[in-house]
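What follows is a short report on a single structure.
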Amino acid sequence: MLQITVDFLRKEISKNLGKFVPEIGIVLGSGLGELADEYCDYSISYSEIPGFEVSTISGHKGRLVFAKINGKNVVMMQGRFHYYEGYPIQKVVYPIKVMKGLGVKTLILTNAAGGVNPAFNPSDLMVITDHINLMGINPLVGMNDDEMGERFPDMSEAYSPELVELARKTASKIGVDLQEGVYAALSGPSYETPAEVRMLRTLGADAVGMSTVPEAIIASWAKLKLIGISCICNSAAGIRNVTLSHEDVINAANTAKQRFKQLVTEIIKNL
Ligand code: HPA
């Protein structure tokens, strides 16, 4: 199936853009999709792509967007597939394999997350230095595709230290505050309990969310250079005395989106 999807997209890209090989892939998280509205040379809805599922969550558009950003050919997912939506984990990570097949070398994974680190504030941006997989699944379970990656892939530098450093330098150059830390993923869709958030803090997490980790595992396995950026949309449960809502998450992402776009486009320039 993968080759069918890749061939289909290559044909569509070539029809609409001529010679265009995306070198950078970006997955845009909840409320962060605007980058793909601003930069769009050609887009195709997930529903038209063989092998893709349809995105169901509000705040997610569900299309693949191709664009030149700061001189680089980029493919963006405007909306991702979440495990909590009920998709098999293979469907969640399928687009990352497709991106690899299209020629992507560097992947930028972004998400909306809850702040576990008490020093974080809503709308802070955080570069991900590492992750903790608490989703209870791993997308590499099953037969290994030896052509794409190894059976037992090393994860010690899944998030490229070089790209973390690039993010730091870029943020400082353009005057955007950037936190850094460890992202823990749970399956969701319920937010965490305060006790779970205390556990996450004890485990060394700085942020918590319901995505990114499966995609990061596939990226690392397939030898894509990976950078992760979280928009801290709220303090995780129990950190401050507020209840959590998806609406507040989207509002915080809206507050951060200008800085987010600036940071991502500037990182792209320097990749
Ligand atoms: N927990 C999990 N996922 C999230 C959160 C949170 O607090 N905020 C945004 N995504």
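Ordering of the structure tokens sets the chain letters (A, B, ...); residue numbers start at 1 within each chain; ligands are numbered from 1 in the order shown.
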> Quick one: residues within 8 Å of Asn73 in chain A, only C-alpha atoms counted, chain neighbours fewer than 3 positions away excluded, as a ChimeraX atom specification?
Replying inline: /A:20-24,66-69
Just the selected residues (N, CA and C atoms), exported as a compact mmCIF listing (two decimals), in the first residue's frame, please.
```
# COMPACT_ATOMS: atom_id res chain seq x y z
N PHE A 20 9.07 18.68 -7.69
CA PHE A 20 9.01 19.15 -6.30
C PHE A 20 9.23 17.94 -5.40
N VAL A 21 10.40 17.88 -4.78
CA VAL A 21 10.68 16.80 -3.82
C VAL A 21 10.74 17.42 -2.43
N PRO A 22 9.78 17.07 -1.55
CA PRO A 22 9.81 17.67 -0.21
C PRO A 22 10.99 17.14 0.59
N GLU A 23 11.77 18.03 1.18
CA GLU A 23 12.90 17.60 2.01
C GLU A 23 12.59 17.72 3.50
N ILE A 24 11.57 18.55 3.80
CA ILE A 24 11.18 18.74 5.21
C ILE A 24 9.71 18.37 5.35
N PHE A 66 1.63 21.16 0.37
CA PHE A 66 2.99 21.26 -0.17
C PHE A 66 3.30 22.73 -0.42
N ALA A 67 4.47 23.16 0.00
CA ALA A 67 4.83 24.57 -0.19
C ALA A 67 6.32 24.78 -0.12
N LYS A 68 6.75 25.86 -0.76
CA LYS A 68 8.13 26.30 -0.58
C LYS A 68 8.13 27.30 0.56
N ILE A 69 8.92 27.03 1.59
CA ILE A 69 9.03 27.97 2.71
C ILE A 69 10.50 28.33 2.87
```
>> I want to know what sits within 12 Å of Gly86 in chain A, based on only C-alpha atoms, with residues of the same chain fewer than 3 positions away left out; could you give that as a VMD selection string?
In response: chain A and resid 53 to 57 81 to 83 89 to 92 187 to 189
>> If you run DSSP on the backbone here, which positions in range 25-219 of chain A get helix (DSSP H, G or I)? Please write them as an MDAnalysis selection string.
In response: chainID A and resid 34:38 46:48 83:85 89:102 161:174 194:203 213:219
>> My list of candidates is A:Trp221, A:Tyr183, A:Tyr191, A:Tyr39. Which is closest to Met126 in chain A when distances are computed with only C-alpha atoms?
In response: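 Between A:Trp221, A:Tyr183, A:Tyr191, A:Tyr39, the residue approaching Met126 in chain A most closely is A:Tyr183.
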>> Taking only C-alpha atoms and all ligand atoms into account, list the residues no farther than 7 Å from ligand 1, as a count of residues only.
In response: 17
Could you list, with a cut-off of 8 Å and counting only C-alpha atoms, the residues of range 199-266 of chain A near range 165-180 of chain A, each shown with its nearest atom pair and the distance in Å rounded to one decimal, rows sorted by chain and ascending number, as JSON lines?
```
{"residue": "A:Arg259", "atom": "CA", "partner": "A:Val176", "partner_atom": "CA", "distance": 6.6}
{"residue": "A:Leu263", "atom": "CA", "partner": "A:Ala171", "partner_atom": "CA", "distance": 6.2}
{"residue": "A:Glu266", "atom": "CA", "partner": "A:Thr170", "partner_atom": "CA", "distance": 6.7}
```
>> Could you list, as a PyMOL selection string, every residue within 9 Å of range 150-152 of chain A, counting only C-alpha atoms and ignoring same-chain residues fewer than 6 positions away?
In response: chain A and resi 140+143-144+221-222
>> Ranking A:Val65, A:Ser190, A:Asn121, A:Asn133 by minimum distance to Ser245 in chain A and counting only C-alpha atoms, which one comes first?
In response: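 Once distances to Ser245 in chain A are computed over only C-alpha atoms, the minimum belongs to A:Ser190.
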>> When DSSP is applied to the backbone of this structure, which of range 47-228 of chain A are assigned strand (DSSP E or B)? Write them out as number ranges by chain.
In response: A: 63-69, 72-78, 106-115, 124-133, 179-185, 207-209, 225-228
>> So, with only C-alpha atoms as the atoms that count, which of A:Ile13, A:Val213, A:Met148, A:Leu32 lies closest to Asn254 in chain A?
In response: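 Among A:Ile13, A:Val213, A:Met148, A:Leu32, it is A:Leu32 that comes nearest to Asn254 in chain A.
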> Between A:Arg80, A:Met99, A:Ile267, A:Asp206, which has the minimum distance to Val164 in chain A (counting only C-alpha atoms)?
Replying inline: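 Comparing A:Arg80, A:Met99, A:Ile267, A:Asp206 against Val164 in chain A, the winner is A:Ile267.
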>> Between CA of Gly79 in chain A and CA of Glu34 in chain A, what is the distance in Å, rounded to a tenth?
In response: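 Calculated distance between CA of Gly79 in chain A and CA of Glu34 in chain A is 10.6 Å.
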> Between A:Val127, A:Val27, A:Ala195, A:Leu9, which has the minimum distance to Gly103 in chain A (counting only C-alpha atoms)?
Replying inline: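 Nearest candidate to Gly103 in chain A out of A:Val127, A:Val27, A:Ala195, A:Leu9: A:Leu9.
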> In Å to one decimal, how far is CA of Gly62 in chain A from CA of Gly31 in chain A?
Replying inline: 12.6 Å
> What is the CA of Pro139 in chain A to CA of Pro50 in chain A distance in Å?
Replying inline: 20.1 Å
>> For a quick check of understanding, using only C-alpha atoms, which of A:Leu17, A:Leu102, A:Ile268, A:Leu28 has the smallest distance to Thr5 in chain A?
In response: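 Among the listed residues, the smallest separation from Thr5 in chain A belongs to A:Leu102.
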> Can you list, as a list in words, every protein, DNA or RNA residue that comes within 6 Å of range 154-162 of chain A when you count only C-alpha atoms, leaving out same-chain residues fewer than 6 positions away?
Replying inline: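 Contacts, with the query itself left out: Thr129, Ser220, Leu226 and Ile227 of chain A.
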Export of the given selection (N, CA and C atoms) as a CSV table (one decimal), in the first residue's frame:
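The file below, again06.csv, is the result:
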```csv
chain,number,residue,atom,x,y,z
A,129,THR,N,13.3,17.5,24.0
A,129,THR,CA,14.7,16.9,24.0
A,129,THR,C,14.6,15.4,24.1
A,220,SER,N,12.5,8.0,14.0
A,220,SER,CA,13.8,7.6,14.5
A,220,SER,C,14.2,6.3,13.8
A,226,LEU,N,14.9,14.5,13.4
A,226,LEU,CA,13.7,14.9,14.1
A,226,LEU,C,13.8,16.0,15.0
A,227,ILE,N,12.9,16.9,14.9
A,227,ILE,CA,12.8,18.0,15.9
A,227,ILE,C,11.3,18.1,16.4
```
